[in-house]
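Reviewing the structure listed below.
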Amino acid sequence: MIVTLTANPSIDRTVVLDSELVRGGVHRARASASDPGGKGVNVARVLTASGVQAMAVLPAATGDPLLEALTKKGVRYCAVPTDGLARTNITVSEPGGTTTKINEPGAGLTEATTTALFDAIVDLGRDATWVALSGSLPPGVPSHWYADLVRALRSTACKVAVDTSDAPLLALAASFPESAPDLIKPNSEELAQLTGADADELERAAGAGDPTAAVDASRILLARGVGAVLATLGSAGAVLVTGEGAWFASPPPIDAISTVGAGDSSLAGYILADIERCEPGERIRRAVAYGTAATALPGTTLPTPDQTCPDAVTVRALDSPDSSPEPARPSSVPFDTQTLS
């Protein structure tokens with residue numbers, strides 16, 4: 001079983017426009033949709049759609065529409081009782097893949113709810129293969145909470161992945177190596193937050209075929225105890241850095257529609273490959289394939305296995321004697337541009 005934690009879940013409302021968003025203007029939506037959201041929920045949705053048993057752990061009030069939405073998606077959940085309803089996040093999707101997000105802060109959690117959520121994760125982690133701690137923390141939860149969770153989960157046999165940003169990410173890193181997870185999944189901005197690198201330069205260099213800066217930054221985290229770094233680098237692809245070496249995966253160009261959930265899909269793809277005991281090159285291939293597929297889908301739609309195309313992803317082992325890229329195999333997917341987040 002894979003357990004995901006979403007401490008700050010949401011209902012994700014997506015509005016699709018036919019034209020470019022104009023600040024102060026009046027727009028008519030071409031389409032709209034609402035889905036259960038939050039980064040851990042997204043990971044659980046992708047895993048469930050791939051036929052893997054996943055459990056989404058989250059705080060939720062009795063009767064919260066979020067729980068009904070999860071049930072409709074077929075996602076198993078463990079809801080820790082709380083008073084406030086899940087926040088609503090709004091995504092405005094423009095032609096060409098540009099997305100504008102407006103995220104509410106979320107309802108605050110009491111100390112009792114926070115403790116119950118913590119205990120639920122540790123308890124479920126004892127029987128889990130992976131536990132993924134994902135997303136922001138709601139008001140009332142201290143920024144060091146993820147660091148505390150990682151330390152507690154070390155007493156179990158599960159692997160731990162963390163995908164967060166800003167204060168919770170910095171607090172996690174401040175407690176390395178005691179709080180170092182088995183996998184951390186930063187995007188370029190988050191990797192820059194942790195290592196002092198320049199986020200734009202990380203993506204620019206990787207886009208030009210040279211991911212050295214991203215690999216070097218990732219190795220700073222490995223030196224501080226992190227087991228593996230899966231760093232997504234926008235349209236350039238991603239790097240995977242472990243104690244075994246480093247790999248760079250380049251996606252095929254696609255028609256980008258929405259970047260929402262791309263990073264979460266990448267994490268799910270990596271976990272799917274890991275539980276199948278795939279080698280690192282295949283793990284990053286699957287991660288980029290899932291992230292790319294999410295970018296080609298509208299709004300908060302997340303990919304199923306038949307919507308991914310791993311054969312179209314080019315993977316290069318950077319530390320091997322022969323670091324020439326493995327050629328991508330032919331794909332029937334119409335690609336043009338893409339962005340991972």
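Letters A, B, ... mark the chains of the structure tokens in the order given; residue numbers begin at 1 per chain; ligand numbers begin at 1, in order shown.
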Requested in this report: Write out as a PyMOL selection string all residues of region 225-318 of chain A that backbone DSSP assigns to helix (DSSP H, G or I).
Outcome: chain A and resi 234-236+262-275+280-295+305-307+310-312
Restrict the selected residues to N, CA and C atoms and save them as a short mmCIF file (atom, residue, chain, number, x, y, z; two decimals), in the first residue's frame.
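The resulting file, part_13.cif, is shown below:
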```
data_model
loop_
_atom_site.label_atom_id
_atom_site.label_comp_id
_atom_site.auth_asym_id
_atom_site.auth_seq_id
_atom_site.Cartn_x
_atom_site.Cartn_y
_atom_site.Cartn_z
N GLY A 234 10.95 21.95 -15.34
CA GLY A 234 10.11 22.56 -16.35
C GLY A 234 10.16 21.78 -17.65
N SER A 235 10.14 22.49 -18.75
CA SER A 235 10.11 21.85 -20.07
C SER A 235 11.40 21.10 -20.39
N ALA A 236 12.46 21.32 -19.59
CA ALA A 236 13.73 20.63 -19.83
C ALA A 236 13.67 19.16 -19.41
N ALA A 262 1.21 18.24 -12.59
CA ALA A 262 2.29 17.60 -13.32
C ALA A 262 3.37 17.06 -12.38
N GLY A 263 3.75 17.88 -11.40
CA GLY A 263 4.77 17.42 -10.45
C GLY A 263 4.28 16.26 -9.60
N ASP A 264 3.01 16.30 -9.20
CA ASP A 264 2.44 15.20 -8.42
C ASP A 264 2.39 13.92 -9.26
N SER A 265 2.06 14.06 -10.54
CA SER A 265 2.03 12.90 -11.43
C SER A 265 3.44 12.33 -11.60
N SER A 266 4.45 13.20 -11.66
CA SER A 266 5.83 12.74 -11.76
C SER A 266 6.21 11.90 -10.55
N LEU A 267 5.84 12.37 -9.36
CA LEU A 267 6.15 11.63 -8.14
C LEU A 267 5.44 10.27 -8.17
N ALA A 268 4.17 10.27 -8.59
CA ALA A 268 3.43 9.00 -8.66
C ALA A 268 4.09 8.05 -9.65
N GLY A 269 4.52 8.58 -10.80
CA GLY A 269 5.18 7.73 -11.79
C GLY A 269 6.46 7.11 -11.25
N TYR A 270 7.22 7.90 -10.50
CA TYR A 270 8.45 7.39 -9.89
C TYR A 270 8.12 6.26 -8.91
N ILE A 271 7.13 6.47 -8.05
CA ILE A 271 6.77 5.45 -7.06
C ILE A 271 6.28 4.19 -7.75
N LEU A 272 5.48 4.34 -8.81
CA LEU A 272 5.00 3.18 -9.55
C LEU A 272 6.16 2.34 -10.07
N ALA A 273 7.17 3.01 -10.63
CA ALA A 273 8.33 2.28 -11.15
C ALA A 273 9.14 1.66 -10.03
N ASP A 274 9.24 2.35 -8.89
CA ASP A 274 10.03 1.83 -7.78
C ASP A 274 9.40 0.57 -7.21
N ILE A 275 8.08 0.55 -7.03
CA ILE A 275 7.47 -0.65 -6.45
C ILE A 275 7.51 -1.82 -7.42
N PRO A 280 17.07 2.84 -11.79
CA PRO A 280 16.89 4.29 -11.73
C PRO A 280 16.51 4.95 -13.06
N GLY A 281 17.12 4.50 -14.14
CA GLY A 281 16.80 5.08 -15.44
C GLY A 281 15.35 4.91 -15.81
N GLU A 282 14.78 3.77 -15.47
CA GLU A 282 13.36 3.54 -15.75
C GLU A 282 12.47 4.30 -14.79
N ARG A 283 12.94 4.52 -13.56
CA ARG A 283 12.14 5.28 -12.60
C ARG A 283 11.99 6.73 -13.05
N ILE A 284 13.07 7.34 -13.53
CA ILE A 284 12.95 8.72 -13.98
C ILE A 284 12.21 8.79 -15.32
N ARG A 285 12.36 7.77 -16.15
CA ARG A 285 11.60 7.73 -17.40
C ARG A 285 10.10 7.75 -17.12
N ARG A 286 9.68 6.91 -16.17
CA ARG A 286 8.26 6.84 -15.84
C ARG A 286 7.79 8.14 -15.19
N ALA A 287 8.64 8.74 -14.36
CA ALA A 287 8.27 10.00 -13.71
C ALA A 287 8.00 11.08 -14.74
N VAL A 288 8.91 11.22 -15.69
CA VAL A 288 8.76 12.26 -16.71
C VAL A 288 7.59 11.95 -17.64
N ALA A 289 7.37 10.68 -17.93
CA ALA A 289 6.24 10.31 -18.78
C ALA A 289 4.91 10.69 -18.13
N TYR A 290 4.79 10.44 -16.83
CA TYR A 290 3.54 10.79 -16.14
C TYR A 290 3.39 12.30 -16.02
N GLY A 291 4.47 13.01 -15.71
CA GLY A 291 4.38 14.46 -15.62
C GLY A 291 4.04 15.09 -16.96
N THR A 292 4.62 14.57 -18.03
CA THR A 292 4.34 15.07 -19.37
C THR A 292 2.89 14.83 -19.74
N ALA A 293 2.40 13.65 -19.42
CA ALA A 293 1.01 13.32 -19.73
C ALA A 293 0.05 14.25 -19.01
N ALA A 294 0.35 14.59 -17.75
CA ALA A 294 -0.51 15.50 -16.99
C ALA A 294 -0.57 16.87 -17.65
N THR A 295 0.56 17.33 -18.19
CA THR A 295 0.62 18.64 -18.81
C THR A 295 -0.20 18.71 -20.09
N PRO A 305 -2.43 5.21 -17.00
CA PRO A 305 -1.27 4.60 -17.68
C PRO A 305 -1.34 4.67 -19.19
N ASP A 306 -2.54 4.49 -19.77
CA ASP A 306 -2.64 4.48 -21.23
C ASP A 306 -2.50 5.87 -21.84
N GLN A 307 -2.46 6.91 -20.99
CA GLN A 307 -2.23 8.27 -21.49
C GLN A 307 -0.77 8.69 -21.39
N PRO A 310 6.06 6.43 -21.97
CA PRO A 310 7.46 6.35 -21.51
C PRO A 310 8.46 6.16 -22.64
N ASP A 311 8.07 5.47 -23.71
CA ASP A 311 9.00 5.22 -24.81
C ASP A 311 9.44 6.50 -25.51
N ALA A 312 8.67 7.58 -25.34
CA ALA A 312 9.02 8.84 -25.99
C ALA A 312 9.98 9.70 -25.16
#
```
How close does each residue of region 192-236 of chain A get to region 154-173 of chain A, giving the shortest atom pair and distance in Å to one decimal for every residue with an atom at most 12 Å away, counting only C-alpha atoms, sorted by chain and residue number, as CSV?
```
residue,atom,partner,partner_atom,distance
A:Ala192,CA,A:Ser165,CA,10.7
A:Gln193,CA,A:Leu170,CA,7.6
A:Leu194,CA,A:Leu170,CA,6.8
A:Thr195,CA,A:Ala173,CA,10.0
A:Gly196,CA,A:Leu170,CA,11.9
A:Ile220,CA,A:Ala173,CA,11.1
A:Leu221,CA,A:Ala173,CA,8.5
A:Leu222,CA,A:Ala173,CA,11.3
A:Ala223,CA,A:Ala173,CA,11.9
A:Arg224,CA,A:Ala173,CA,8.6
A:Gly225,CA,A:Ala173,CA,9.8
A:Val226,CA,A:Ala173,CA,9.4
A:Gly227,CA,A:Val160,CA,9.6
A:Ala228,CA,A:Ala161,CA,9.3
A:Val229,CA,A:Ala161,CA,9.7
A:Leu230,CA,A:Asp163,CA,9.9
A:Ala231,CA,A:Asp163,CA,10.3
A:Thr232,CA,A:Asp163,CA,11.2
```
Just N, CA and C atoms for this one: save the residues we selected as a short mmCIF file (atom, residue, chain, number, x, y, z; two decimals), in the first residue's frame.
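As a result, result.cif now contains:
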```
data_model
loop_
_atom_site.label_atom_id
_atom_site.label_comp_id
_atom_site.auth_asym_id
_atom_site.auth_seq_id
_atom_site.Cartn_x
_atom_site.Cartn_y
_atom_site.Cartn_z
N ALA A 192 16.49 25.43 -5.76
CA ALA A 192 17.24 26.67 -5.54
C ALA A 192 17.10 27.14 -4.09
N GLN A 193 15.88 27.03 -3.53
CA GLN A 193 15.66 27.40 -2.13
C GLN A 193 16.59 26.62 -1.20
N LEU A 194 16.80 25.37 -1.51
CA LEU A 194 17.56 24.49 -0.63
C LEU A 194 19.06 24.64 -0.79
N THR A 195 19.52 25.03 -1.96
CA THR A 195 20.95 24.96 -2.25
C THR A 195 21.60 26.29 -2.65
N GLY A 196 20.78 27.33 -2.84
CA GLY A 196 21.34 28.62 -3.26
C GLY A 196 21.60 28.72 -4.75
N ILE A 220 24.25 18.18 -3.23
CA ILE A 220 24.37 18.85 -1.94
C ILE A 220 23.39 18.23 -0.95
N LEU A 221 22.19 17.89 -1.45
CA LEU A 221 21.18 17.28 -0.58
C LEU A 221 21.55 15.85 -0.23
N LEU A 222 22.12 15.11 -1.18
CA LEU A 222 22.56 13.76 -0.88
C LEU A 222 23.64 13.77 0.20
N ALA A 223 24.54 14.75 0.13
CA ALA A 223 25.61 14.84 1.12
C ALA A 223 25.06 15.13 2.51
N ARG A 224 23.83 15.65 2.57
CA ARG A 224 23.21 15.95 3.85
C ARG A 224 22.26 14.85 4.30
N GLY A 225 22.28 13.71 3.60
CA GLY A 225 21.55 12.55 4.07
C GLY A 225 20.35 12.12 3.26
N VAL A 226 19.91 12.92 2.29
CA VAL A 226 18.75 12.55 1.47
C VAL A 226 19.11 11.34 0.61
N GLY A 227 18.16 10.39 0.51
CA GLY A 227 18.45 9.18 -0.25
C GLY A 227 18.51 9.39 -1.75
N ALA A 228 17.57 10.16 -2.29
CA ALA A 228 17.51 10.42 -3.72
C ALA A 228 16.80 11.74 -3.96
N VAL A 229 17.18 12.41 -5.04
CA VAL A 229 16.56 13.67 -5.43
C VAL A 229 16.00 13.51 -6.84
N LEU A 230 14.70 13.74 -6.96
CA LEU A 230 14.05 13.80 -8.27
C LEU A 230 13.67 15.26 -8.48
N ALA A 231 14.46 15.97 -9.27
CA ALA A 231 14.26 17.40 -9.48
C ALA A 231 13.63 17.63 -10.85
N THR A 232 12.40 18.17 -10.86
CA THR A 232 11.74 18.47 -12.13
C THR A 232 12.13 19.87 -12.57
#
```
Report task. Write down as JSON, numbers by chain the residues of region 24-123 of chain A whose backbone DSSP state falls under strand (DSSP E or B). Result -> {"A": [29, 30, 31, 32, 33, 34, 35, 36, 37, 54, 55, 56, 57, 58, 59, 60, 76, 77, 78, 79, 80, 81, 87, 88, 89, 90, 91, 92, 93, 99, 100, 101, 102, 103]}
Based on the selection just made, write N, CA, C and O atoms of those residues as a compact mmCIF listing (two decimals), in the first residue's frame.
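Full text of again-v9.txt as output:
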```txt
# COMPACT_ATOMS: atom_id res chain seq x y z
N ALA A 29 -15.98 31.50 -19.67
CA ALA A 29 -15.28 30.23 -19.61
C ALA A 29 -15.77 29.29 -20.71
O ALA A 29 -16.97 29.22 -20.98
N ARG A 30 -14.84 28.61 -21.33
CA ARG A 30 -15.20 27.59 -22.31
C ARG A 30 -15.62 26.30 -21.61
O ARG A 30 -16.45 25.55 -22.10
N ALA A 31 -15.00 26.03 -20.45
CA ALA A 31 -15.31 24.83 -19.69
C ALA A 31 -14.87 25.03 -18.25
O ALA A 31 -14.07 25.92 -17.95
N SER A 32 -15.40 24.22 -17.36
CA SER A 32 -14.97 24.26 -15.96
C SER A 32 -15.16 22.88 -15.35
O SER A 32 -15.95 22.07 -15.84
N ALA A 33 -14.41 22.64 -14.29
CA ALA A 33 -14.50 21.34 -13.62
C ALA A 33 -14.02 21.48 -12.18
O ALA A 33 -13.25 22.39 -11.85
N SER A 34 -14.49 20.59 -11.32
CA SER A 34 -14.05 20.55 -9.93
C SER A 34 -13.57 19.14 -9.61
O SER A 34 -14.23 18.15 -10.00
N ASP A 35 -12.44 19.04 -8.92
CA ASP A 35 -11.88 17.74 -8.56
C ASP A 35 -11.33 17.80 -7.15
O ASP A 35 -10.92 18.87 -6.66
N PRO A 36 -11.25 16.65 -6.46
CA PRO A 36 -10.56 16.62 -5.17
C PRO A 36 -9.08 16.90 -5.39
O PRO A 36 -8.48 16.36 -6.33
N GLY A 37 -8.50 17.74 -4.56
CA GLY A 37 -7.13 18.14 -4.81
C GLY A 37 -6.27 18.27 -3.57
O GLY A 37 -6.66 17.90 -2.46
N ALA A 54 -3.77 2.68 -2.88
CA ALA A 54 -3.29 3.91 -2.25
C ALA A 54 -4.29 4.36 -1.21
O ALA A 54 -5.50 4.11 -1.33
N MET A 55 -3.80 5.03 -0.19
CA MET A 55 -4.64 5.56 0.87
C MET A 55 -4.29 7.04 1.06
O MET A 55 -3.15 7.38 1.40
N ALA A 56 -5.27 7.90 0.82
CA ALA A 56 -5.08 9.34 1.00
C ALA A 56 -5.48 9.72 2.42
O ALA A 56 -6.63 9.55 2.81
N VAL A 57 -4.53 10.22 3.19
CA VAL A 57 -4.79 10.65 4.56
C VAL A 57 -4.91 12.16 4.56
O VAL A 57 -4.07 12.87 4.00
N LEU A 58 -5.97 12.66 5.21
CA LEU A 58 -6.23 14.09 5.18
C LEU A 58 -7.17 14.47 6.31
O LEU A 58 -7.92 13.63 6.80
N PRO A 59 -7.15 15.74 6.74
CA PRO A 59 -8.16 16.20 7.69
C PRO A 59 -9.43 16.58 6.93
O PRO A 59 -9.36 17.19 5.86
N ALA A 60 -10.59 16.21 7.46
CA ALA A 60 -11.84 16.55 6.78
C ALA A 60 -12.99 16.50 7.75
O ALA A 60 -13.06 15.61 8.62
N ARG A 76 -9.40 5.59 -2.00
CA ARG A 76 -9.56 5.26 -0.59
C ARG A 76 -8.95 6.39 0.25
O ARG A 76 -7.92 6.96 -0.10
N TYR A 77 -9.60 6.68 1.38
CA TYR A 77 -9.08 7.76 2.22
C TYR A 77 -9.25 7.44 3.69
O TYR A 77 -10.08 6.62 4.09
N CYS A 78 -8.42 8.09 4.48
CA CYS A 78 -8.51 8.06 5.93
C CYS A 78 -8.69 9.51 6.36
O CYS A 78 -7.74 10.31 6.26
N ALA A 79 -9.90 9.87 6.77
CA ALA A 79 -10.20 11.26 7.12
C ALA A 79 -10.10 11.45 8.63
O ALA A 79 -10.83 10.81 9.39
N VAL A 80 -9.21 12.33 9.05
CA VAL A 80 -9.09 12.69 10.46
C VAL A 80 -10.05 13.84 10.73
O VAL A 80 -9.99 14.87 10.05
N PRO A 81 -10.98 13.70 11.68
CA PRO A 81 -12.01 14.71 11.89
C PRO A 81 -11.46 16.10 12.20
O PRO A 81 -10.50 16.24 12.97
N ARG A 87 -10.48 23.86 1.66
CA ARG A 87 -10.40 25.10 0.89
C ARG A 87 -10.76 24.84 -0.57
O ARG A 87 -10.77 23.70 -1.04
N THR A 88 -11.00 25.93 -1.29
CA THR A 88 -11.21 25.85 -2.74
C THR A 88 -10.06 26.58 -3.43
O THR A 88 -9.78 27.74 -3.12
N ASN A 89 -9.37 25.88 -4.32
CA ASN A 89 -8.31 26.48 -5.13
C ASN A 89 -8.83 26.69 -6.54
O ASN A 89 -9.50 25.83 -7.09
N ILE A 90 -8.50 27.81 -7.11
CA ILE A 90 -8.98 28.16 -8.44
C ILE A 90 -7.81 28.20 -9.41
O ILE A 90 -6.78 28.81 -9.14
N THR A 91 -7.98 27.52 -10.53
CA THR A 91 -6.99 27.53 -11.60
C THR A 91 -7.64 28.10 -12.86
O THR A 91 -8.70 27.64 -13.27
N VAL A 92 -6.99 29.09 -13.45
CA VAL A 92 -7.44 29.65 -14.72
C VAL A 92 -6.48 29.18 -15.79
O VAL A 92 -5.28 29.46 -15.73
N SER A 93 -7.00 28.43 -16.74
CA SER A 93 -6.17 27.83 -17.79
C SER A 93 -6.38 28.56 -19.11
O SER A 93 -7.50 28.69 -19.59
N THR A 99 -1.13 28.73 -16.88
CA THR A 99 -2.12 28.57 -15.82
C THR A 99 -1.87 29.57 -14.70
O THR A 99 -0.73 29.84 -14.33
N THR A 100 -2.95 30.13 -14.19
CA THR A 100 -2.90 31.04 -13.06
C THR A 100 -3.63 30.39 -11.90
O THR A 100 -4.78 29.97 -12.05
N LYS A 101 -2.96 30.28 -10.76
CA LYS A 101 -3.57 29.60 -9.60
C LYS A 101 -3.82 30.59 -8.48
O LYS A 101 -2.98 31.45 -8.18
N ILE A 102 -4.97 30.44 -7.85
CA ILE A 102 -5.31 31.21 -6.66
C ILE A 102 -5.66 30.19 -5.58
O ILE A 102 -6.70 29.53 -5.64
N ASN A 103 -4.76 30.04 -4.61
CA ASN A 103 -4.92 29.02 -3.58
C ASN A 103 -5.33 29.66 -2.25
O ASN A 103 -4.65 30.57 -1.76
```
Requested in this report: Select, from A:Val3, A:Val313, A:Val15, A:Ala61, the residue with the minimum atom-to-atom distance to Val43 (chain A), counting only C-alpha atoms.
Outcome: A:Val3
Please list as a JSON list (two decimals) with all heavy atoms, in the first residue's frame every residue within 10 Å of Ala152 (chain A), counting only C-alpha atoms and excluding residues in the same chain fewer than 3 positions away.
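File written: out_32.json
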```json
[["chain", "number", "residue", "atom", "x", "y", "z"],
["A", 118, "PHE", "N", -0.93, 13.19, 12.63],
["A", 118, "PHE", "CA", 0.44, 12.67, 12.78],
["A", 118, "PHE", "C", 0.40, 11.18, 13.14],
["A", 118, "PHE", "O", 1.08, 10.35, 12.51],
["A", 118, "PHE", "CB", 1.15, 13.47, 13.86],
["A", 118, "PHE", "CG", 2.62, 13.21, 14.00],
["A", 118, "PHE", "CD1", 3.55, 14.11, 13.53],
["A", 118, "PHE", "CD2", 3.09, 12.06, 14.64],
["A", 118, "PHE", "CE1", 4.91, 13.89, 13.67],
["A", 118, "PHE", "CE2", 4.45, 11.82, 14.79],
["A", 118, "PHE", "CZ", 5.36, 12.74, 14.29],
["A", 119, "ASP", "N", -0.40, 10.84, 14.14],
["A", 119, "ASP", "CA", -0.47, 9.45, 14.60],
["A", 119, "ASP", "C", -1.02, 8.53, 13.51],
["A", 119, "ASP", "O", -0.58, 7.38, 13.38],
["A", 119, "ASP", "CB", -1.33, 9.35, 15.85],
["A", 119, "ASP", "CG", -0.69, 10.03, 17.06],
["A", 119, "ASP", "OD1", 0.53, 10.29, 17.01],
["A", 119, "ASP", "OD2", -1.42, 10.30, 18.04],
["A", 121, "ILE", "N", -0.73, 8.84, 10.25],
["A", 121, "ILE", "CA", 0.31, 8.62, 9.23],
["A", 121, "ILE", "C", 1.34, 7.60, 9.73],
["A", 121, "ILE", "O", 1.72, 6.67, 9.00],
["A", 121, "ILE", "CB", 0.99, 9.95, 8.86],
["A", 121, "ILE", "CG1", 0.09, 10.76, 7.95],
["A", 121, "ILE", "CG2", 2.33, 9.71, 8.17],
["A", 121, "ILE", "CD1", -0.08, 10.18, 6.56],
["A", 122, "VAL", "N", 1.79, 7.76, 10.95],
["A", 122, "VAL", "CA", 2.80, 6.84, 11.47],
["A", 122, "VAL", "C", 2.23, 5.43, 11.58],
["A", 122, "VAL", "O", 2.91, 4.44, 11.25],
["A", 122, "VAL", "CB", 3.34, 7.34, 12.83],
["A", 122, "VAL", "CG1", 4.30, 6.32, 13.43],
["A", 122, "VAL", "CG2", 4.04, 8.69, 12.66],
["A", 125, "GLY", "N", 1.91, 4.01, 8.16],
["A", 125, "GLY", "CA", 3.23, 3.83, 7.59],
["A", 125, "GLY", "C", 3.86, 2.50, 7.94],
["A", 125, "GLY", "O", 4.73, 2.01, 7.21],
["A", 146, "TYR", "N", 6.73, 18.37, 9.04],
["A", 146, "TYR", "CA", 7.20, 17.32, 8.13],
["A", 146, "TYR", "C", 8.51, 16.71, 8.65],
["A", 146, "TYR", "O", 8.71, 15.50, 8.55],
["A", 146, "TYR", "CB", 7.43, 17.89, 6.73],
["A", 146, "TYR", "CG", 6.18, 18.02, 5.88],
["A", 146, "TYR", "CD1", 6.05, 19.05, 4.96],
["A", 146, "TYR", "CD2", 5.13, 17.11, 5.99],
["A", 146, "TYR", "CE1", 4.92, 19.18, 4.17],
["A", 146, "TYR", "CE2", 3.99, 17.24, 5.21],
["A", 146, "TYR", "CZ", 3.89, 18.28, 4.29],
["A", 146, "TYR", "OH", 2.76, 18.40, 3.52],
["A", 147, "ALA", "N", 9.38, 17.54, 9.17],
["A", 147, "ALA", "CA", 10.63, 17.02, 9.72],
["A", 147, "ALA", "C", 10.35, 16.05, 10.87],
["A", 147, "ALA", "O", 10.96, 14.97, 10.96],
["A", 147, "ALA", "CB", 11.51, 18.18, 10.20],
["A", 148, "ASP", "N", 9.41, 16.40, 11.72],
["A", 148, "ASP", "CA", 9.04, 15.52, 12.82],
["A", 148, "ASP", "C", 8.46, 14.20, 12.29],
["A", 148, "ASP", "O", 8.75, 13.11, 12.83],
["A", 148, "ASP", "CB", 8.01, 16.19, 13.72],
["A", 148, "ASP", "CG", 8.57, 17.41, 14.43],
["A", 148, "ASP", "OD1", 9.80, 17.57, 14.49],
["A", 148, "ASP", "OD2", 7.76, 18.24, 14.93],
["A", 149, "LEU", "N", 7.64, 14.28, 11.26],
["A", 149, "LEU", "CA", 7.03, 13.08, 10.68],
["A", 149, "LEU", "C", 8.08, 12.15, 10.08],
["A", 149, "LEU", "O", 8.02, 10.94, 10.27],
["A", 149, "LEU", "CB", 6.01, 13.48, 9.60],
["A", 149, "LEU", "CG", 4.55, 13.52, 10.03],
["A", 149, "LEU", "CD1", 3.69, 14.07, 8.89],
["A", 149, "LEU", "CD2", 4.06, 12.14, 10.44],
["A", 155, "SER", "N", 11.12, 4.80, 12.14],
["A", 155, "SER", "CA", 10.98, 3.59, 12.95],
["A", 155, "SER", "C", 10.17, 2.52, 12.24],
["A", 155, "SER", "O", 10.03, 1.40, 12.75],
["A", 155, "SER", "CB", 10.30, 3.94, 14.29],
["A", 155, "SER", "OG", 8.96, 4.37, 14.07],
["A", 156, "THR", "N", 9.62, 2.83, 11.08],
["A", 156, "THR", "CA", 8.85, 1.87, 10.29],
["A", 156, "THR", "C", 9.69, 1.42, 9.11],
["A", 156, "THR", "O", 10.79, 1.93, 8.88],
["A", 156, "THR", "CB", 7.55, 2.51, 9.77],
["A", 156, "THR", "OG1", 7.85, 3.48, 8.76],
["A", 156, "THR", "CG2", 6.79, 3.21, 10.90],
["A", 179, "SER", "N", 16.13, 14.29, 9.57],
["A", 179, "SER", "CA", 14.84, 14.35, 8.90],
["A", 179, "SER", "C", 14.95, 14.11, 7.40],
["A", 179, "SER", "O", 14.02, 14.40, 6.65],
["A", 179, "SER", "CB", 14.19, 15.71, 9.14],
["A", 179, "SER", "OG", 14.99, 16.74, 8.55]]
```
Requested in this report: Pick out the residues sitting within 7 Å of Val41 (chain A), and hand them over as a count of residues only; count only C-alpha atoms, and ignore anything fewer than 3 positions along from it in its own chain.
Outcome: 7
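The spacing separating CA of Asp255 (chain A) from CA of Gly209 (chain A) amounts to 20.7 Å.
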Go through region 238-315 of chain A and flag each residue having an atom no more than 10 Å from region 210-217 of chain A; for those, report the closest pair of atoms plus their distance in Å to one decimal, using only C-alpha atoms, ordered by chain and rising number, as a tab-separated table.
```
residue	atom	partner	partner_atom	distance
A:Ala238	CA	A:Pro211	CA	8.6
A:Val239	CA	A:Val215	CA	6.8
A:Leu240	CA	A:Val215	CA	7.9
A:Val241	CA	A:Val215	CA	6.6
A:Thr242	CA	A:Val215	CA	9.9
A:Gly245	CA	A:Val215	CA	9.7
A:Ala246	CA	A:Val215	CA	7.0
A:Trp247	CA	A:Val215	CA	8.6
A:Phe248	CA	A:Pro211	CA	7.0
A:Ala249	CA	A:Pro211	CA	9.7
```
